[in-house]
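Undergrad: Dropping a structure here in structure tokens format, bear with me for questions.
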Number of protein chains: 2
Amino acid sequence: MLSDLKLIIMGNGSAVPTRNANPSSQMLIYRGRQFLIDCGEGTQMQMIKCGLKTRRLNDILISHLHGDHFFGLFGMLSTFHLFGRDKDLNLFAPSPLKLLLEKVFETSDTRLRFKINFFPMEDFKSTPIIETDTFTINGFKLNHSVPTQGFVFREKTLPPKIDKSFVKSRGLTVKQINDIKSGYDFIDDDGKLYSNKDITSKSRSPLSYAYCSDTSYSEEIIEHIKGVKLLYHEATFDDSMLGMAETKKHSTASQAAKIAKLANVEKLILGHFSARFKSFDLLLNEARLIFPNSQISIQGEAYDIV
Amino acid sequence: MLSDLKLIIMGNGSAVPTRNANPSSQMLIYRGRQFLIDCGEGTQMQMIKCGLKTRRLNDILISHLHGDHFFGLFGMLSTFHLFGRDKDLNLFAPSPLKLLLEKVFETSDTRLRFKINFFPMEDFKSTPIIETDTFTINGFKLNHSVPTQGFVFREKTLPPKIDKSFVKSRGLTVKQINDIKSGYDFIDDDGKLYSNKDITSKSRSPLSYAYCSDTSYSEEIIEHIKGVKLLYHEATFDDSMLGMAETKKHSTASQAAKIAKLANVEKLILGHFSARFKSFDLLLNEARLIFPNSQISIQGEAYDIV
């Protein structure tokens, strides 16, 4: 079964890229709608390698303005322009990026063919960044050396499912179906009453995902991400580098796992690895001691969120 | 034998990158000294893949300010900073880049640890961009939609080689050696004269390389690149797209070959390919009809210039 929510990791490295770890970028896909989260250098090439169609992308979220989280935007937006894009693009990012983009495109003699709807992150303190009938994406404050937001996607509670054979045998109208989904009982033409609970069943639990990068250990984020099905949390350092993590406002693998445990999430994937690690086994072992359902994020891999 | 001059192609694509073609960047290496020519997005990752050490890089030349020729600079310079670089970096580029770099690093909260010596390209109309005792690098005007420079590296004529056994048997001093290299005859302690031509032999011919990207067909460049051992010339389009090449101020493969022929270069490699080409055979065939010693540049490949 195809999952309704999928995450594709395009870059799991930190500020200094390595042969196998690009700077931060990932694509969250909900029923075909793409959300690009961060856009480090090389993201457009990673999208090609991951088989993602840039045409389908309308929403980009940037967590903060360290280069490894947005230097790929300039090339990607230029490419959209050269591909003849004419539909708007929504860009949710810290406000100084707006002016910088204008400066970059002015200097590179590019007059974008399409409109960028720029939404300053500062405006999303208490309202969702994006909200539709079926989901919300909210931002929340991370604890980093520059203003940084985490993101949490939450599907809304799905209406109950109506027994298909009942719909068919009674020839229900759209209004009747919507009424039943809203919780009403059903009375047929002969006056016979069907209790709502007898003709419906619960839908699957709502899907959810949270992105926390870059941040030091911060229990303040727990309320925002609690219970999510998948958490991506940065683990730039291992436990022996706790002091450096604190100085540089990053996290260790154990700290990421502790957040996952306290927030009672279902699964944790670690990312934003320092270039000094040749293998991530150490980080994984440290995390699993605290939160067993931990994994190392793998570049190019798609994670079904179910 | 290791060549004294080597070119490594790190990006041979044009504005829109593909799975196998990165935006423009290449490294020219003369006796261990590296010159980075253009720096499209992803160049720092390409350098890693090509086994190049960023520590050795002190000179960067940017041909023009279209994004596919310089969007990789921001990430690369950030990485140098994070690696703790403290020695100066020389950047030769169109002047508006200076202000843009300042804006980028201000926005991304980066105060570079090292100094960038910025040399505005506009200053190098008649003087070499770089000149040492052994080589020059000059810029020259290309014909593109924004101010664009080509680059030509020319080794200076090497002094004649002195017969090693003669140096050894006579126990020549450094001054005596230099005198002979300067063309003087040699007189030994007994007054015996050795004619310069009898104790020296000609060194190999000077090495040279020229970079022409991006440009439309322009015979004005010929005087600058004539006789070079290797010419990299853009061939964004094939001959059927001549109209588009003219409109967009790019070249076709035949036009690149015609320039190579008129300039009497030794070898031509083509690059800056449009993303529409799945294979470059057509471009190669068109070029070879006019200039047989043509090749397609291959990403990741090192070319010895001899």
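Following the order of the structure tokens, first chain is A, next is B, and so on, with residues numbered from 1 inside each chain and ligands from 1 in the order they appear.
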Give one line per residue of chain A that approaches chain B to at most 6 Å, naming the two atoms of the closest pair and their distance in Å to one decimal, counting only C-alpha atoms; sort by chain then ascending residue number and deliver it as JSON lines.
TA:
{"residue": "A:Val16", "atom": "CA", "partner": "B:Thr79", "partner_atom": "CA", "distance": 5.7}
{"residue": "A:Gly42", "atom": "CA", "partner": "B:Gly42", "partner_atom": "CA", "distance": 5.4}
{"residue": "A:Leu65", "atom": "CA", "partner": "B:Ser108", "partner_atom": "CA", "distance": 5.1}
{"residue": "A:His66", "atom": "CA", "partner": "B:Ser108", "partner_atom": "CA", "distance": 4.8}
{"residue": "A:Gly67", "atom": "CA", "partner": "B:Ser108", "partner_atom": "CA", "distance": 5.8}
{"residue": "A:Thr79", "atom": "CA", "partner": "B:Val16", "partner_atom": "CA", "distance": 5.7}
{"residue": "A:Ser108", "atom": "CA", "partner": "B:His66", "partner_atom": "CA", "distance": 4.8}
Undergrad: Pick out each residue of stretch 43-248 of chain A that DSSP on the backbone tags as helix (DSSP H, G or I); I need them as a PDB file with N, CA and C atoms, in the first residue's frame.
TA:
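So the final result, stored in out-v3.pdb, reads:
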ATOM      1  N   THR A  43      20.720  20.802  -3.875  1.00  0.00           N
ATOM      2  CA  THR A  43      19.396  20.191  -3.731  1.00  0.00           C
ATOM      3  C   THR A  43      18.760  19.892  -5.083  1.00  0.00           C
ATOM      4  N   GLN A  44      18.900  20.798  -6.042  1.00  0.00           N
ATOM      5  CA  GLN A  44      18.257  20.529  -7.333  1.00  0.00           C
ATOM      6  C   GLN A  44      18.845  19.281  -8.004  1.00  0.00           C
ATOM      7  N   MET A  45      20.143  19.038  -7.806  1.00  0.00           N
ATOM      8  CA  MET A  45      20.728  17.821  -8.374  1.00  0.00           C
ATOM      9  C   MET A  45      20.238  16.597  -7.589  1.00  0.00           C
ATOM     10  N   GLN A  46      20.093  16.740  -6.300  1.00  0.00           N
ATOM     11  CA  GLN A  46      19.587  15.632  -5.484  1.00  0.00           C
ATOM     12  C   GLN A  46      18.143  15.293  -5.866  1.00  0.00           C
ATOM     13  N   MET A  47      17.352  16.306  -6.181  1.00  0.00           N
ATOM     14  CA  MET A  47      15.973  16.049  -6.603  1.00  0.00           C
ATOM     15  C   MET A  47      15.947  15.194  -7.867  1.00  0.00           C
ATOM     16  N   ILE A  48      16.834  15.519  -8.788  1.00  0.00           N
ATOM     17  CA  ILE A  48      16.899  14.719 -10.022  1.00  0.00           C
ATOM     18  C   ILE A  48      17.256  13.279  -9.671  1.00  0.00           C
ATOM     19  N   LYS A  49      18.264  13.111  -8.809  1.00  0.00           N
ATOM     20  CA  LYS A  49      18.716  11.758  -8.451  1.00  0.00           C
ATOM     21  C   LYS A  49      17.619  10.987  -7.726  1.00  0.00           C
ATOM     22  N   THR A  54      10.328  18.699 -10.353  1.00  0.00           N
ATOM     23  CA  THR A  54      10.284  20.060  -9.804  1.00  0.00           C
ATOM     24  C   THR A  54       8.949  20.742 -10.116  1.00  0.00           C
ATOM     25  N   ARG A  55       8.283  20.292 -11.168  1.00  0.00           N
ATOM     26  CA  ARG A  55       6.983  20.893 -11.508  1.00  0.00           C
ATOM     27  C   ARG A  55       5.989  20.798 -10.360  1.00  0.00           C
ATOM     28  N   ARG A  56       6.095  19.739  -9.583  1.00  0.00           N
ATOM     29  CA  ARG A  56       5.107  19.495  -8.531  1.00  0.00           C
ATOM     30  C   ARG A  56       5.382  20.293  -7.273  1.00  0.00           C
ATOM     31  N   GLY A  67      24.078  28.858   5.655  1.00  0.00           N
ATOM     32  CA  GLY A  67      24.200  28.522   4.240  1.00  0.00           C
ATOM     33  C   GLY A  67      23.865  27.090   3.881  1.00  0.00           C
ATOM     34  N   ASP A  68      24.199  26.145   4.755  1.00  0.00           N
ATOM     35  CA  ASP A  68      23.968  24.739   4.423  1.00  0.00           C
ATOM     36  C   ASP A  68      22.478  24.383   4.425  1.00  0.00           C
ATOM     37  N   HIS A  69      21.630  25.365   4.725  1.00  0.00           N
ATOM     38  CA  HIS A  69      20.191  25.121   4.693  1.00  0.00           C
ATOM     39  C   HIS A  69      19.472  25.901   3.588  1.00  0.00           C
ATOM     40  N   LEU A  73      18.982  27.284  -2.957  1.00  0.00           N
ATOM     41  CA  LEU A  73      17.774  27.953  -3.473  1.00  0.00           C
ATOM     42  C   LEU A  73      18.045  28.723  -4.761  1.00  0.00           C
ATOM     43  N   PHE A  74      19.207  29.398  -4.788  1.00  0.00           N
ATOM     44  CA  PHE A  74      19.481  30.284  -5.930  1.00  0.00           C
ATOM     45  C   PHE A  74      19.476  29.497  -7.245  1.00  0.00           C
ATOM     46  N   GLY A  75      20.192  28.392  -7.249  1.00  0.00           N
ATOM     47  CA  GLY A  75      20.253  27.578  -8.461  1.00  0.00           C
ATOM     48  C   GLY A  75      18.918  26.937  -8.773  1.00  0.00           C
ATOM     49  N   MET A  76      18.231  26.476  -7.749  1.00  0.00           N
ATOM     50  CA  MET A  76      16.946  25.813  -7.981  1.00  0.00           C
ATOM     51  C   MET A  76      15.917  26.784  -8.565  1.00  0.00           C
ATOM     52  N   LEU A  77      15.839  27.973  -8.013  1.00  0.00           N
ATOM     53  CA  LEU A  77      14.874  28.950  -8.524  1.00  0.00           C
ATOM     54  C   LEU A  77      15.249  29.385  -9.950  1.00  0.00           C
ATOM     55  N   SER A  78      16.562  29.496 -10.208  1.00  0.00           N
ATOM     56  CA  SER A  78      17.007  29.827 -11.578  1.00  0.00           C
ATOM     57  C   SER A  78      16.565  28.748 -12.555  1.00  0.00           C
ATOM     58  N   THR A  79      16.690  27.499 -12.116  1.00  0.00           N
ATOM     59  CA  THR A  79      16.293  26.393 -12.990  1.00  0.00           C
ATOM     60  C   THR A  79      14.786  26.420 -13.246  1.00  0.00           C
ATOM     61  N   PHE A  80      13.993  26.664 -12.218  1.00  0.00           N
ATOM     62  CA  PHE A  80      12.536  26.780 -12.414  1.00  0.00           C
ATOM     63  C   PHE A  80      12.246  27.833 -13.486  1.00  0.00           C
ATOM     64  N   HIS A  81      12.956  28.938 -13.372  1.00  0.00           N
ATOM     65  CA  HIS A  81      12.797  30.043 -14.324  1.00  0.00           C
ATOM     66  C   HIS A  81      13.140  29.578 -15.746  1.00  0.00           C
ATOM     67  N   LEU A  82      14.259  28.891 -15.869  1.00  0.00           N
ATOM     68  CA  LEU A  82      14.695  28.448 -17.202  1.00  0.00           C
ATOM     69  C   LEU A  82      13.772  27.379 -17.775  1.00  0.00           C
ATOM     70  N   PRO A  96      15.044  38.020   6.221  1.00  0.00           N
ATOM     71  CA  PRO A  96      16.174  38.594   5.458  1.00  0.00           C
ATOM     72  C   PRO A  96      16.431  37.899   4.126  1.00  0.00           C
ATOM     73  N   LEU A  97      15.882  36.710   3.966  1.00  0.00           N
ATOM     74  CA  LEU A  97      16.132  35.993   2.707  1.00  0.00           C
ATOM     75  C   LEU A  97      15.509  36.704   1.515  1.00  0.00           C
ATOM     76  N   LYS A  98      14.418  37.407   1.755  1.00  0.00           N
ATOM     77  CA  LYS A  98      13.707  38.054   0.640  1.00  0.00           C
ATOM     78  C   LYS A  98      14.633  39.042  -0.088  1.00  0.00           C
ATOM     79  N   LEU A  99      15.258  39.899   0.683  1.00  0.00           N
ATOM     80  CA  LEU A  99      16.138  40.913   0.104  1.00  0.00           C
ATOM     81  C   LEU A  99      17.345  40.260  -0.567  1.00  0.00           C
ATOM     82  N   LEU A 100      17.860  39.219   0.080  1.00  0.00           N
ATOM     83  CA  LEU A 100      19.037  38.548  -0.475  1.00  0.00           C
ATOM     84  C   LEU A 100      18.703  37.914  -1.831  1.00  0.00           C
ATOM     85  N   LEU A 101      17.543  37.292  -1.922  1.00  0.00           N
ATOM     86  CA  LEU A 101      17.149  36.697  -3.206  1.00  0.00           C
ATOM     87  C   LEU A 101      17.090  37.770  -4.290  1.00  0.00           C
ATOM     88  N   GLU A 102      16.520  38.903  -3.946  1.00  0.00           N
ATOM     89  CA  GLU A 102      16.436  39.992  -4.933  1.00  0.00           C
ATOM     90  C   GLU A 102      17.833  40.401  -5.384  1.00  0.00           C
ATOM     91  N   LYS A 103      18.746  40.473  -4.426  1.00  0.00           N
ATOM     92  CA  LYS A 103      20.124  40.879  -4.729  1.00  0.00           C
ATOM     93  C   LYS A 103      20.818  39.825  -5.610  1.00  0.00           C
ATOM     94  N   VAL A 104      20.606  38.555  -5.277  1.00  0.00           N
ATOM     95  CA  VAL A 104      21.232  37.478  -6.059  1.00  0.00           C
ATOM     96  C   VAL A 104      20.723  37.506  -7.502  1.00  0.00           C
ATOM     97  N   PHE A 105      19.420  37.655  -7.677  1.00  0.00           N
ATOM     98  CA  PHE A 105      18.891  37.606  -9.041  1.00  0.00           C
ATOM     99  C   PHE A 105      19.198  38.881  -9.816  1.00  0.00           C
ATOM    100  N   GLU A 106      19.324  39.969  -9.095  1.00  0.00           N
ATOM    101  CA  GLU A 106      19.738  41.206  -9.771  1.00  0.00           C
ATOM    102  C   GLU A 106      21.188  41.052 -10.267  1.00  0.00           C
ATOM    103  N   THR A 107      22.057  40.527  -9.397  1.00  0.00           N
ATOM    104  CA  THR A 107      23.470  40.378  -9.762  1.00  0.00           C
ATOM    105  C   THR A 107      23.655  39.356 -10.880  1.00  0.00           C
ATOM    106  N   MET A 121       8.876  33.962   8.158  1.00  0.00           N
ATOM    107  CA  MET A 121       8.687  32.999   9.244  1.00  0.00           C
ATOM    108  C   MET A 121       8.228  33.668  10.535  1.00  0.00           C
ATOM    109  N   GLU A 122       8.691  34.905  10.713  1.00  0.00           N
ATOM    110  CA  GLU A 122       8.362  35.612  11.947  1.00  0.00           C
ATOM    111  C   GLU A 122       6.846  35.763  12.123  1.00  0.00           C
ATOM    112  N   ASP A 123       6.092  35.654  11.031  1.00  0.00           N
ATOM    113  CA  ASP A 123       4.640  35.833  11.111  1.00  0.00           C
ATOM    114  C   ASP A 123       3.911  34.592  11.622  1.00  0.00           C
ATOM    115  N   LYS A 164     -18.707   0.328   2.514  1.00  0.00           N
ATOM    116  CA  LYS A 164     -18.922   0.556   1.080  1.00  0.00           C
ATOM    117  C   LYS A 164     -20.192  -0.110   0.546  1.00  0.00           C
ATOM    118  N   SER A 165     -20.429  -1.327   1.015  1.00  0.00           N
ATOM    119  CA  SER A 165     -21.597  -2.057   0.501  1.00  0.00           C
ATOM    120  C   SER A 165     -22.897  -1.370   0.942  1.00  0.00           C
ATOM    121  N   PHE A 166     -22.834  -0.719   2.101  1.00  0.00           N
ATOM    122  CA  PHE A 166     -24.008   0.019   2.588  1.00  0.00           C
ATOM    123  C   PHE A 166     -24.288   1.222   1.677  1.00  0.00           C
ATOM    124  N   VAL A 167     -23.231   1.937   1.311  1.00  0.00           N
ATOM    125  CA  VAL A 167     -23.369   3.094   0.414  1.00  0.00           C
ATOM    126  C   VAL A 167     -23.988   2.648  -0.896  1.00  0.00           C
ATOM    127  N   LYS A 168     -23.480   1.523  -1.395  1.00  0.00           N
ATOM    128  CA  LYS A 168     -23.896   1.046  -2.715  1.00  0.00           C
ATOM    129  C   LYS A 168     -25.347   0.533  -2.678  1.00  0.00           C
ATOM    130  N   SER A 169     -25.652  -0.300  -1.703  1.00  0.00           N
ATOM    131  CA  SER A 169     -26.980  -0.935  -1.655  1.00  0.00           C
ATOM    132  C   SER A 169     -28.073   0.101  -1.402  1.00  0.00           C
ATOM    133  N   ARG A 170     -27.751   1.167  -0.680  1.00  0.00           N
ATOM    134  CA  ARG A 170     -28.768   2.188  -0.391  1.00  0.00           C
ATOM    135  C   ARG A 170     -28.740   3.313  -1.419  1.00  0.00           C
ATOM    136  N   VAL A 174     -24.440  12.233  -1.971  1.00  0.00           N
ATOM    137  CA  VAL A 174     -23.245  12.841  -1.359  1.00  0.00           C
ATOM    138  C   VAL A 174     -23.606  13.470  -0.017  1.00  0.00           C
ATOM    139  N   LYS A 175     -24.780  14.132   0.028  1.00  0.00           N
ATOM    140  CA  LYS A 175     -25.186  14.771   1.291  1.00  0.00           C
ATOM    141  C   LYS A 175     -25.366  13.716   2.389  1.00  0.00           C
ATOM    142  N   GLN A 176     -26.012  12.607   2.019  1.00  0.00           N
ATOM    143  CA  GLN A 176     -26.232  11.553   3.021  1.00  0.00           C
ATOM    144  C   GLN A 176     -24.889  10.992   3.523  1.00  0.00           C
ATOM    145  N   ILE A 177     -23.977  10.813   2.588  1.00  0.00           N
ATOM    146  CA  ILE A 177     -22.649  10.291   2.973  1.00  0.00           C
ATOM    147  C   ILE A 177     -21.955  11.265   3.931  1.00  0.00           C
ATOM    148  N   ASN A 178     -21.991  12.567   3.572  1.00  0.00           N
ATOM    149  CA  ASN A 178     -21.340  13.565   4.425  1.00  0.00           C
ATOM    150  C   ASN A 178     -21.973  13.623   5.805  1.00  0.00           C
ATOM    151  N   ASP A 179     -23.312  13.471   5.843  1.00  0.00           N
ATOM    152  CA  ASP A 179     -23.996  13.472   7.143  1.00  0.00           C
ATOM    153  C   ASP A 179     -23.507  12.301   8.001  1.00  0.00           C
ATOM    154  N   ILE A 180     -23.425  11.151   7.401  1.00  0.00           N
ATOM    155  CA  ILE A 180     -22.977   9.971   8.171  1.00  0.00           C
ATOM    156  C   ILE A 180     -21.537  10.188   8.649  1.00  0.00           C
ATOM    157  N   LYS A 181     -20.680  10.732   7.722  1.00  0.00           N
ATOM    158  CA  LYS A 181     -19.288  10.994   8.120  1.00  0.00           C
ATOM    159  C   LYS A 181     -19.218  11.991   9.271  1.00  0.00           C
ATOM    160  N   ASN A 196     -25.123   5.247  13.720  1.00  0.00           N
ATOM    161  CA  ASN A 196     -23.881   5.653  13.041  1.00  0.00           C
ATOM    162  C   ASN A 196     -22.758   4.641  13.278  1.00  0.00           C
ATOM    163  N   LYS A 197     -22.626   4.184  14.499  1.00  0.00           N
ATOM    164  CA  LYS A 197     -21.495   3.290  14.809  1.00  0.00           C
ATOM    165  C   LYS A 197     -21.619   1.929  14.120  1.00  0.00           C
ATOM    166  N   ASP A 198     -22.867   1.551  13.692  1.00  0.00           N
ATOM    167  CA  ASP A 198     -23.034   0.264  13.013  1.00  0.00           C
ATOM    168  C   ASP A 198     -22.670   0.329  11.534  1.00  0.00           C
ATOM    169  N   ILE A 199     -22.693   1.523  10.974  1.00  0.00           N
ATOM    170  CA  ILE A 199     -22.429   1.624   9.522  1.00  0.00           C
ATOM    171  C   ILE A 199     -21.105   2.341   9.216  1.00  0.00           C
ATOM    172  N   GLU A 219      14.044  21.056  25.723  1.00  0.00           N
ATOM    173  CA  GLU A 219      12.790  20.385  26.078  1.00  0.00           C
ATOM    174  C   GLU A 219      11.566  21.228  25.728  1.00  0.00           C
ATOM    175  N   GLU A 220      11.834  22.485  25.372  1.00  0.00           N
ATOM    176  CA  GLU A 220      10.701  23.337  24.986  1.00  0.00           C
ATOM    177  C   GLU A 220      10.048  22.888  23.681  1.00  0.00           C
ATOM    178  N   ILE A 221      10.762  22.113  22.909  1.00  0.00           N
ATOM    179  CA  ILE A 221      10.170  21.706  21.625  1.00  0.00           C
ATOM    180  C   ILE A 221       9.217  20.528  21.790  1.00  0.00           C
ATOM    181  N   ILE A 222       9.282  19.878  22.949  1.00  0.00           N
ATOM    182  CA  ILE A 222       8.534  18.634  23.120  1.00  0.00           C
ATOM    183  C   ILE A 222       7.033  18.818  22.916  1.00  0.00           C
ATOM    184  N   GLU A 223       6.485  19.882  23.468  1.00  0.00           N
ATOM    185  CA  GLU A 223       5.037  20.091  23.335  1.00  0.00           C
ATOM    186  C   GLU A 223       4.607  20.181  21.869  1.00  0.00           C
ATOM    187  N   HIS A 224       5.515  20.654  21.016  1.00  0.00           N
ATOM    188  CA  HIS A 224       5.150  20.845  19.612  1.00  0.00           C
ATOM    189  C   HIS A 224       5.190  19.541  18.810  1.00  0.00           C
ATOM    190  N   ILE A 225       6.058  18.650  19.223  1.00  0.00           N
ATOM    191  CA  ILE A 225       6.289  17.466  18.383  1.00  0.00           C
ATOM    192  C   ILE A 225       5.718  16.202  19.012  1.00  0.00           C
ATOM    193  N   ASP A 239      28.272  11.582  21.820  1.00  0.00           N
ATOM    194  CA  ASP A 239      28.217  12.030  23.217  1.00  0.00           C
ATOM    195  C   ASP A 239      29.538  12.569  23.746  1.00  0.00           C
ATOM    196  N   SER A 240      30.649  12.102  23.160  1.00  0.00           N
ATOM    197  CA  SER A 240      31.949  12.579  23.638  1.00  0.00           C
ATOM    198  C   SER A 240      32.145  14.056  23.289  1.00  0.00           C
ATOM    199  N   MET A 241      31.300  14.568  22.398  1.00  0.00           N
ATOM    200  CA  MET A 241      31.457  15.958  21.944  1.00  0.00           C
ATOM    201  C   MET A 241      30.353  16.850  22.495  1.00  0.00           C
ATOM    202  N   LEU A 242      29.851  16.484  23.655  1.00  0.00           N
ATOM    203  CA  LEU A 242      28.745  17.224  24.267  1.00  0.00           C
ATOM    204  C   LEU A 242      29.075  18.710  24.429  1.00  0.00           C
ATOM    205  N   GLY A 243      30.301  18.982  24.854  1.00  0.00           N
ATOM    206  CA  GLY A 243      30.700  20.377  25.061  1.00  0.00           C
ATOM    207  C   GLY A 243      30.619  21.160  23.762  1.00  0.00           C
ATOM    208  N   MET A 244      31.107  20.543  22.674  1.00  0.00           N
ATOM    209  CA  MET A 244      31.071  21.225  21.391  1.00  0.00           C
ATOM    210  C   MET A 244      29.625  21.426  20.935  1.00  0.00           C
ATOM    211  N   ALA A 245      28.797  20.407  21.189  1.00  0.00           N
ATOM    212  CA  ALA A 245      27.376  20.515  20.826  1.00  0.00           C
ATOM    213  C   ALA A 245      26.750  21.719  21.522  1.00  0.00           C
ATOM    214  N   GLU A 246      27.074  21.868  22.799  1.00  0.00           N
ATOM    215  CA  GLU A 246      26.489  22.991  23.544  1.00  0.00           C
ATOM    216  C   GLU A 246      26.999  24.335  23.026  1.00  0.00           C
ATOM    217  N   THR A 247      28.310  24.395  22.765  1.00  0.00           N
ATOM    218  CA  THR A 247      28.885  25.650  22.264  1.00  0.00           C
ATOM    219  C   THR A 247      28.294  26.034  20.917  1.00  0.00           C
ATOM    220  N   LYS A 248      28.190  25.044  20.043  1.00  0.00           N
ATOM    221  CA  LYS A 248      27.764  25.340  18.676  1.00  0.00           C
ATOM    222  C   LYS A 248      26.253  25.247  18.507  1.00  0.00           C
TER     223      LYS A 248
END
Undergrad: Please identify the strand (DSSP E or B) residues within stretch 84-262 of chain B (assignment by DSSP from backbone atoms) and present them as a ChimeraX atom specification.
TA: /B:89-93,116-120,130-131,135-141,149-155,161-162,186-187,193-194,200-201,208-212,230-234,237,252
Undergrad: Looking at only C-alpha atoms, which of A:Gln295, A:Gln255, A:Ser63, A:Ser279 is the one that sits closest to A:Asn138?
TA: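 Checking each candidate against A:Asn138, we get A:Ser63 as the closest.
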Undergrad: Smallest atom-to-atom distance to A:Phe119: which of A:Asp190, A:Glu131, A:Asp59, A:Glu234, using only C-alpha atoms?
TA: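 Looking at the shortest contact to A:Phe119, the residue is A:Asp59.
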Undergrad: Which polymer residues have any atom within 9 Å of an atom of A:Phe151, counting only C-alpha atoms, with same-chain residues fewer than 3 positions away left out, as an MDAnalysis selection string?
TA: chainID A and resid 37 61 63 129 137:141 209:212 224:225
Undergrad: Calculated over only C-alpha atoms, which of the candidates B:Leu283, B:Asp304, B:Lys229, B:Gly13 has the smallest distance to B:Ile29?
TA: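 Looking at the shortest contact to B:Ile29, the residue is B:Asp304.
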Undergrad: With distances taken over only C-alpha atoms, which of A:Ala287, A:Leu28, A:Leu89, A:Leu52 is nearest to A:Phe114?
TA: A:Leu89
Undergrad: Just checking: using only C-alpha atoms, which residue out of B:Val306, B:Ile162, B:Ala263, B:Val228 ends up closest to B:Arg204?
TA: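 So, comparing all the options, the nearest one is B:Val306.
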Undergrad: Of the candidates A:Phe280, A:Met10, A:Gly191, A:Asp88, which one gets nearest to A:Gly51 if we count only C-alpha atoms?
TA: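 Closest to A:Gly51, using only C-alpha atoms: A:Met10.
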Undergrad: Give me the residues near B:Leu289 as a ChimeraX atom specification, where near means some atom within 10 Å (using only C-alpha atoms) and where sequence neighbours in that chain fewer than 5 positions away do not count.
TA: /B:254,257-258,284,294
Undergrad: Keeping only C-alpha atoms, write the selected residues as a compact mmCIF listing (two decimals), in the first residue's frame.
TA:
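And here's part.txt as it stands now:
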# COMPACT_ATOMS: atom_id res chain seq x y z
CA SER B 254 30.64 23.65 -35.41
CA ALA B 257 35.43 23.91 -34.01
CA LYS B 258 35.74 26.78 -36.47
CA LEU B 284 31.33 15.67 -31.50
CA SER B 294 38.01 17.60 -31.04
Undergrad: Have a look at atom CA of A:Arg85 and atom CA of A:Leu112 and let me know their distance in Å, one decimal.
TA: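 Distance between the two atoms: 8.9 Å.
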Undergrad: Just give me the gap between atom CA of B:Thr136 and atom CA of B:Ser203 in Å, one decimal is fine.
TA: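 Spanning atom CA of B:Thr136 to atom CA of B:Ser203 is a straight-line distance of 18.2 Å.
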Undergrad: Would you pick out the contacts of A:Val265 at 9 Å or less, using only C-alpha atoms, so that residues sharing its chain but fewer than 4 positions from it are not included, and give the list as an mmCIF file with C-alpha atoms, in the first residue's frame?
TA:
data_model
loop_
_atom_site.group_PDB
_atom_site.id
_atom_site.type_symbol
_atom_site.label_atom_id
_atom_site.label_comp_id
_atom_site.auth_asym_id
_atom_site.auth_seq_id
_atom_site.Cartn_x
_atom_site.Cartn_y
_atom_site.Cartn_z
ATOM 1 C CA ILE A 225 6.289 17.466 18.383
ATOM 2 C CA LYS A 226 4.685 15.102 20.884
ATOM 3 C CA GLY A 227 3.413 11.839 19.560
ATOM 4 C CA VAL A 228 4.489 12.334 15.969
ATOM 5 C CA LYS A 229 4.863 9.192 13.930
ATOM 6 C CA LEU A 230 8.283 10.213 12.628
ATOM 7 C CA LEU A 231 10.784 12.669 14.061
ATOM 8 C CA ILE A 259 13.803 14.314 22.998
ATOM 9 C CA ALA A 260 12.219 11.474 21.007
ATOM 10 C CA LYS A 261 11.531 9.567 24.211
#
